[in-house]
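Below is the file upload_14.cif, which contains mmCIF, C-alpha atoms.
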data_model
#
loop_
_atom_site.label_atom_id
_atom_site.label_comp_id
_atom_site.auth_asym_id
_atom_site.auth_seq_id
_atom_site.Cartn_x
_atom_site.Cartn_y
_atom_site.Cartn_z
CA TYR A 168 80.52 46.48 83.45
CA PRO A 169 78.78 43.26 82.20
CA PHE A 170 80.75 40.49 80.51
CA ALA A 171 80.37 36.74 79.77
CA ILE A 172 82.69 33.79 80.35
CA ALA A 173 82.44 30.51 78.32
CA VAL A 174 84.00 27.22 79.49
CA HIS A 175 84.70 24.26 77.17
CA VAL A 176 85.79 20.88 78.46
CA ASP A 177 87.07 18.22 75.99
CA LYS A 178 84.80 15.31 76.75
CA ALA A 179 87.15 12.66 75.25
CA LEU A 180 90.05 13.90 77.33
CA ALA A 181 87.99 14.15 80.44
CA LEU A 182 86.72 10.55 80.10
CA LYS A 183 90.23 9.17 80.29
CA ASN A 184 90.43 10.03 83.94
CA TRP A 185 86.91 11.03 85.08
CA SER A 186 83.53 9.62 84.74
CA GLU A 187 80.91 11.65 82.89
CA GLU A 188 79.33 12.63 86.23
CA ALA A 189 82.68 13.90 87.57
CA THR A 190 83.29 15.90 84.43
CA GLN A 191 79.88 17.53 84.69
CA ALA A 192 80.44 18.33 88.36
CA PHE A 193 83.79 19.90 87.54
CA ALA A 194 82.19 22.02 84.86
CA VAL A 195 79.51 23.19 87.28
CA VAL A 196 82.07 24.09 89.97
CA LEU A 197 84.22 25.96 87.46
CA ALA A 198 81.21 27.85 86.15
CA VAL A 199 80.22 28.83 89.68
CA LEU A 200 83.74 30.06 90.45
CA LEU A 201 83.89 32.10 87.28
CA ALA A 202 80.43 33.54 87.95
CA ALA A 203 81.53 34.54 91.46
CA THR A 204 84.62 36.20 90.00
CA ALA A 205 82.48 38.13 87.55
CA LEU A 206 80.13 39.20 90.34
CA ALA A 207 83.04 40.36 92.51
CA THR A 208 84.48 42.32 89.59
CA ARG A 209 81.18 44.08 88.95
CA THR A 210 80.83 44.81 92.67
CA TYR A 211 84.33 46.33 92.75
CA PHE A 212 83.59 48.67 89.88
CA ARG A 213 80.31 49.67 91.49
CA LEU A 214 82.02 50.41 94.80
CA GLU A 215 84.72 52.40 93.02
CA ARG A 216 82.09 54.47 91.23
CA SER A 217 80.17 54.95 94.49
CA THR A 218 83.37 56.13 96.21
CA ARG A 219 84.03 58.66 93.46
CA LEU A 220 80.47 59.99 93.75
CA ARG A 221 80.77 60.18 97.56
CA ASP A 222 84.08 62.05 97.36
CA ALA A 223 82.61 64.50 94.85
CA ALA A 224 79.58 65.06 97.10
CA LEU A 225 81.79 65.66 100.15
CA ALA A 226 83.95 68.15 98.23
CA SER A 227 80.83 70.00 97.08
CA LEU A 228 79.48 70.04 100.64
CA LYS A 229 82.74 71.42 102.03
CA ALA A 230 82.79 74.16 99.39
CA SER A 231 79.18 75.06 100.19
CA GLU A 232 79.94 75.19 103.94
CA ALA A 233 82.94 77.43 103.29
CA ARG A 234 80.81 79.85 101.22
CA TYR A 235 78.15 79.94 103.96
CA ARG A 236 80.78 80.54 106.66
CA ASP A 237 82.34 83.39 104.66
CA THR A 238 78.89 84.93 104.12
CA PHE A 239 78.04 84.61 107.82
CA GLU A 240 81.32 86.10 109.03
CA HIS A 241 81.72 88.95 106.50
CA ALA A 242 78.14 90.04 105.78
CA ALA A 243 77.22 93.72 106.09
CA VAL A 244 74.14 92.73 108.13
CA GLY A 245 73.77 90.88 111.40
CA PHE A 246 73.22 87.11 111.55
CA ALA A 247 72.14 85.24 114.67
CA HIS A 248 71.12 81.69 115.54
CA ALA A 249 68.92 81.16 118.59
CA ALA A 250 67.89 78.00 120.43
CA PRO A 251 64.21 77.12 121.05
CA ASP A 252 64.52 78.66 124.53
CA ARG A 253 65.29 81.98 122.75
CA ARG A 254 68.91 82.16 123.86
CA LEU A 255 71.58 83.07 121.34
CA LEU A 256 73.79 80.31 119.94
CA HIS A 257 76.04 82.27 117.59
CA CYS A 258 76.28 85.84 116.23
CA ASN A 259 78.38 87.18 113.40
CA PRO A 260 80.90 90.06 113.79
CA PHE A 261 78.53 92.68 112.37
CA LEU A 262 75.91 92.01 115.06
CA CYS A 263 78.57 91.89 117.78
CA ASP A 264 79.85 95.33 116.73
CA MET A 265 76.31 96.70 116.48
CA LEU A 266 75.50 95.65 120.05
CA GLY A 267 78.95 96.26 121.55
CA TYR A 268 79.45 92.67 122.75
CA SER A 269 81.84 89.88 121.81
CA ASN A 270 80.42 86.65 120.40
CA GLU A 271 81.31 84.85 123.63
CA GLU A 272 79.43 87.48 125.66
CA LEU A 273 76.33 87.04 123.50
CA LYS A 274 76.30 83.22 123.58
CA GLY A 275 73.58 82.00 125.92
CA ARG A 276 72.13 85.49 126.44
CA ALA A 277 68.34 85.76 126.26
CA ILE A 278 66.94 87.73 123.32
CA ALA A 279 64.50 89.53 125.64
CA GLU A 280 67.45 90.80 127.69
CA LEU A 281 68.84 92.52 124.60
CA THR A 282 65.48 93.97 123.53
CA HIS A 283 64.23 97.41 124.54
CA PRO A 284 61.51 97.06 127.23
CA ASP A 285 58.93 98.82 125.04
CA ASP A 286 59.45 96.26 122.24
CA ARG A 287 59.60 93.01 124.27
CA ALA A 288 55.89 92.23 124.09
CA GLU A 289 55.80 92.52 120.28
CA SER A 290 59.02 90.51 119.94
CA HIS A 291 57.58 87.75 122.16
CA SER A 292 54.31 87.66 120.19
CA GLN A 293 56.07 87.40 116.83
CA ARG A 294 58.28 84.53 118.00
CA GLN A 295 55.32 82.69 119.51
CA ARG A 296 53.53 82.70 116.16
CA LEU A 297 56.67 81.48 114.39
CA GLU A 298 57.32 78.65 116.88
CA ALA A 299 53.66 77.56 116.72
CA GLY A 300 53.92 77.25 112.93
CA GLU A 301 51.34 79.96 112.29
CA VAL A 302 53.78 81.78 109.99
CA PRO A 303 56.91 80.53 108.16
CA SER A 304 58.80 83.73 109.04
CA PHE A 305 58.26 87.24 110.32
CA GLN A 306 59.68 90.73 109.81
CA PHE A 307 59.43 93.78 112.05
CA GLU A 308 61.38 96.71 113.46
CA LYS A 309 62.47 96.94 117.07
CA ARG A 310 65.08 98.44 119.35
CA TYR A 311 67.96 96.46 120.76
CA LEU A 312 69.94 97.57 123.79
CA ARG A 313 73.67 97.98 123.33
CA LYS A 314 76.07 96.91 126.07
CA SER A 315 76.29 100.60 127.04
CA GLY A 316 72.50 100.67 127.51
CA GLU A 317 71.88 102.83 124.43
CA PRO A 318 69.05 101.73 122.11
CA VAL A 319 69.67 100.89 118.46
CA TRP A 320 66.90 100.41 115.90
CA ALA A 321 67.01 97.29 113.72
CA ARG A 322 64.88 95.53 111.11
CA LEU A 323 64.59 91.76 111.66
CA ASN A 324 63.81 88.90 109.28
CA VAL A 325 63.44 85.67 111.25
CA CYS A 326 62.71 82.09 110.17
CA ALA A 327 62.78 78.69 111.90
CA VAL A 328 64.78 75.55 111.05
CA ARG A 329 62.75 72.46 111.98
CA ASP A 330 63.53 68.76 112.38
CA SER A 331 61.76 65.92 110.54
CA ALA A 332 59.00 65.94 113.17
CA GLY A 333 58.37 69.67 112.67
CA ALA A 334 59.87 70.81 115.99
CA VAL A 335 62.00 73.96 115.97
CA GLU A 336 65.72 73.16 116.12
CA TYR A 337 66.83 76.79 116.01
CA THR A 338 65.86 80.13 114.51
CA VAL A 339 67.86 82.26 112.07
CA ALA A 340 67.65 86.05 112.18
CA VAL A 341 68.97 88.54 109.63
CA ILE A 342 69.31 91.90 111.36
CA GLU A 343 69.78 95.25 109.60
CA ASN A 344 70.95 98.34 111.47
CA ILE A 345 68.43 101.09 110.61
CA HIS A 346 69.11 103.37 113.57
CA LEU A 347 69.92 106.61 111.75
CA ARG A 348 67.24 106.02 109.13
CA LYS A 349 64.63 105.37 111.82
CA LEU A 350 65.56 108.46 113.85
CA THR A 351 65.33 110.57 110.71
CA GLN A 352 61.93 109.08 109.88
CA LEU A 353 60.55 109.69 113.38
CA ALA A 354 61.94 113.22 113.47
CA ARG A 355 60.24 114.02 110.17
CA GLN A 356 56.99 112.60 111.49
CA ALA A 357 57.32 114.85 114.54
CA LEU A 358 57.70 117.88 112.27
CA ASP A 359 54.51 116.98 110.42
CA THR A 360 52.18 118.66 112.87
CA GLU A 361 49.75 121.55 112.97
CA LEU A 362 51.16 122.80 116.28
CA THR A 363 52.71 126.25 116.31
CA GLY A 364 54.60 128.53 118.69
CA ASP A 365 55.63 127.21 122.10
CA ALA A 366 53.44 124.12 121.69
CA PHE A 367 55.43 123.17 118.57
CA LEU A 368 58.76 123.77 120.38
CA ARG A 369 57.68 121.61 123.32
CA HIS A 370 56.54 118.86 120.96
CA ILE A 371 59.83 118.86 119.01
CA THR A 372 61.98 119.05 122.16
CA GLN A 373 60.22 116.12 123.80
CA THR A 374 60.24 114.02 120.61
CA LEU A 375 63.96 114.49 120.00
CA SER A 376 64.68 113.90 123.67
CA GLU A 377 62.88 110.55 123.51
CA LEU A 378 64.45 109.52 120.19
CA LEU A 379 67.98 110.30 121.35
CA GLU A 380 67.40 109.02 124.91
CA LEU A 381 68.42 112.41 126.36
CA GLU A 382 68.12 113.23 130.03
CA PHE A 383 67.96 116.98 129.39
CA ALA A 384 66.95 118.99 126.29
CA PHE A 385 65.73 122.54 125.84
CA VAL A 386 65.15 125.46 123.48
CA SER A 387 65.91 128.96 124.74
CA GLU A 388 66.32 132.53 123.44
CA PRO A 389 67.91 135.75 124.70
CA VAL A 390 65.85 137.94 126.98
CA PRO A 391 65.13 141.29 125.24
CA ASP A 392 67.64 143.99 126.28
CA SER A 393 69.64 141.33 128.23
CA PRO A 394 71.79 139.42 125.69
CA ARG A 395 73.65 137.51 128.44
CA ARG A 396 70.43 136.20 129.95
CA PHE A 397 68.28 133.51 128.32
CA GLU A 398 64.74 132.34 128.79
CA MET A 399 63.47 128.79 128.14
CA ARG A 400 60.85 128.24 125.44
CA ALA A 401 60.73 124.45 125.93
CA LEU A 402 62.42 122.25 128.54
CA CYS A 403 62.37 118.46 128.69
CA VAL A 404 63.89 116.56 131.62
CA ASP A 405 63.91 112.74 131.69
CA GLY A 406 61.33 112.62 128.92
CA ARG A 407 58.90 115.08 130.56
CA ILE A 408 58.17 118.69 129.70
CA VAL A 409 58.72 120.84 132.81
CA GLU A 410 58.19 124.48 133.68
CA ASN A 411 60.34 127.05 131.87
CA PHE A 412 62.74 129.41 133.62
CA SER A 413 65.32 132.07 132.73
CA TYR A 414 69.06 131.91 133.50
CA ASP A 415 72.30 133.81 133.11
CA LEU A 416 74.42 132.59 130.22
CA ALA A 417 77.73 132.93 132.04
CA GLY A 418 79.11 129.63 133.28
CA THR A 419 76.75 127.44 131.21
CA PRO A 420 77.46 125.08 128.28
CA CYS A 421 75.71 127.55 125.97
CA GLU A 422 78.13 130.39 126.67
CA LEU A 423 80.79 129.06 124.32
CA VAL A 424 78.23 128.21 121.64
CA THR A 425 77.08 131.82 121.40
CA ASP A 426 80.70 132.75 120.70
CA ASN A 427 80.60 130.58 117.56
CA LYS A 428 82.42 127.69 119.24
CA LEU A 429 81.41 124.04 119.48
CA ARG A 430 81.64 122.04 122.67
CA VAL A 431 80.51 118.44 123.19
CA TYR A 432 80.03 116.95 126.64
CA ALA A 433 79.26 113.24 126.32
CA ASP A 434 78.43 112.99 130.01
CA GLY A 435 78.95 114.75 133.31
CA VAL A 436 77.41 118.06 132.23
CA GLN A 437 76.25 118.79 135.78
CA ARG A 438 79.76 118.13 137.04
CA HIS A 439 81.19 120.64 134.56
CA PHE A 440 78.44 123.19 135.22
CA PRO A 441 77.10 122.68 138.77
#
Is it possible to give me this structure as structure tokens?
Amino acid sequence: YPFAIAVHVDKALALKNWSEEATQAFAVVLAVLLAATALATRTYFRLERSTRLRDAALASLKASEARYRDTFEHAAVGFAHAAPDRRLLHCNPFLCDMLGYSNEELKGRAIAELTHPDDRAESHSQRQRLEAGEVPSFQFEKRYLRKSGEPVWARLNVCAVRDSAGAVEYTVAVIENIHLRKLTQLARQALDTELTGDAFLRHITQTLSELLELEFAFVSEPVPDSPRRFEMRALCVDGRIVENFSYDLAGTPCELVTDNKLRVYADGVQRHFP
């Protein structure tokens, strides 16, 4: 806001009381005071404009933070922040529900502890490359372990947030639950085989047993001329194919199924049918 100030001093009037030197000194002092006033006025307007810009920037920042917080909390995928020591800092509700933990239970927990043992080496290798700066981000599929111990397949997209020196401050992971899709894909792959007969049944039984983390899975059929007695065609126990045997249907979980009824035993099958 530039402006100019002019000062006029009547020389004849001034000489009545002051010498010419005093009049000139007065004029200089007055000019300096007016210049200082003008400078202060310009500074005030500049500060006022700076304050308005700062307030607008803060309002924009708060709105942006609110949008990010809403996205983090209500997203239909998992979000997680992890420290450089690979311990979780914060997880959104979707990821908490997917793993069966509360956010407080997940805070400080090591990522490796939540990863299926068969996938820990790959997970460690991917994070090493990211932390070393070899890649800006990485994506891969792995199994997490729920609080109950059950595995759940997920697809991860992970990147690192670095400080001005390039050191990792924390990592951000976007985690998609692909469990059902992955099981379907693996089951279809298992069906794509040239095996036939009992070899095919053993292959399918073992594959499904491993995918569903089953302790016990089998395929059986009635013994000819003995409809209440069944014979195993494929039997998988704890992930291993074992020798087949025949058994009486009475008193087994299959008895009700053959009568067109459905029964589900989530656990304790041996207790129900010793």
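Between CA of Ala243 in chain A and CA of His283 in chain A the separation is 22.9 Å.
With the shown file loaded, the PyMOL selection byres ((chain A and resi 309-313) around 7) picks out Leu266, Gly267, Leu281, Thr282, His283, Asp286, Phe307, Glu308, Lys314, Ser315, Gly316, Glu317, Pro318, Val319, Trp320, Ala321 and Arg322 of chain A.
Residues matched by the PyMOL selection byres ((chain A and resi 357) around 12) in this file: Leu350, Thr351, Gln352, Leu353, Ala354, Arg355, Gln356, Leu358, Asp359, Thr360, Glu361, Leu362, Phe367, Leu368, Arg369, His370, Ile371, Thr372, Gln373, Thr374, Leu375, Ser376, Glu377 and Leu378 of chain A.
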Handout entry: Atom pair CA of Arg276 in chain A / CA of Leu255 in chain A: separation (Å)
Key = 5.7 Å
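Interatomic distance, CA of Ala327 in chain A to CA of Gln306 in chain A: 12.6 Å.
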Problem - Explicit residues for the PyMOL selection byres ((chain A and resi 390) around 12) (as a count of residues only) - result: 18
Problem - Shortest interatomic distance to Val328 in chain A - which of A:Gly245, A:Gly364, A:Pro251, A:Gly406, counting all atoms listed in the file - result: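 Checking each of A:Gly245, A:Gly364, A:Pro251, A:Gly406 against Val328 in chain A, counting all atoms listed in the file, the winner is A:Pro251.
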Handout entry: Of the listed residues A:Leu379, A:Ala401, A:Val339, A:Ala299, that which approaches Asn324 in chain A most closely, counting only C-alpha atoms
Key = A:Val339
Handout entry: Distance query Ala247 in chain A at most 10 Å, all atoms listed in the file, self and fewer than 2 positions along chain excluded, as JSON, numbers by chain
Key = {"A": [239, 245, 249, 255, 256, 257, 258, 259, 262, 263, 273, 325, 338, 339, 340, 341, 342]}
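Shortest separation to His346 in chain A among A:Met265, A:Ala250, A:Arg219, A:Val404 occurs at residue A:Met265, atoms counted being all atoms listed in the file.
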Handout entry: Proximity to Val302 in chain A - best of A:Cys326, A:Glu336, A:Asp365, A:Gly275, all atoms listed in the file
Key =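 Smallest distance to Val302 in chain A is found for A:Cys326.
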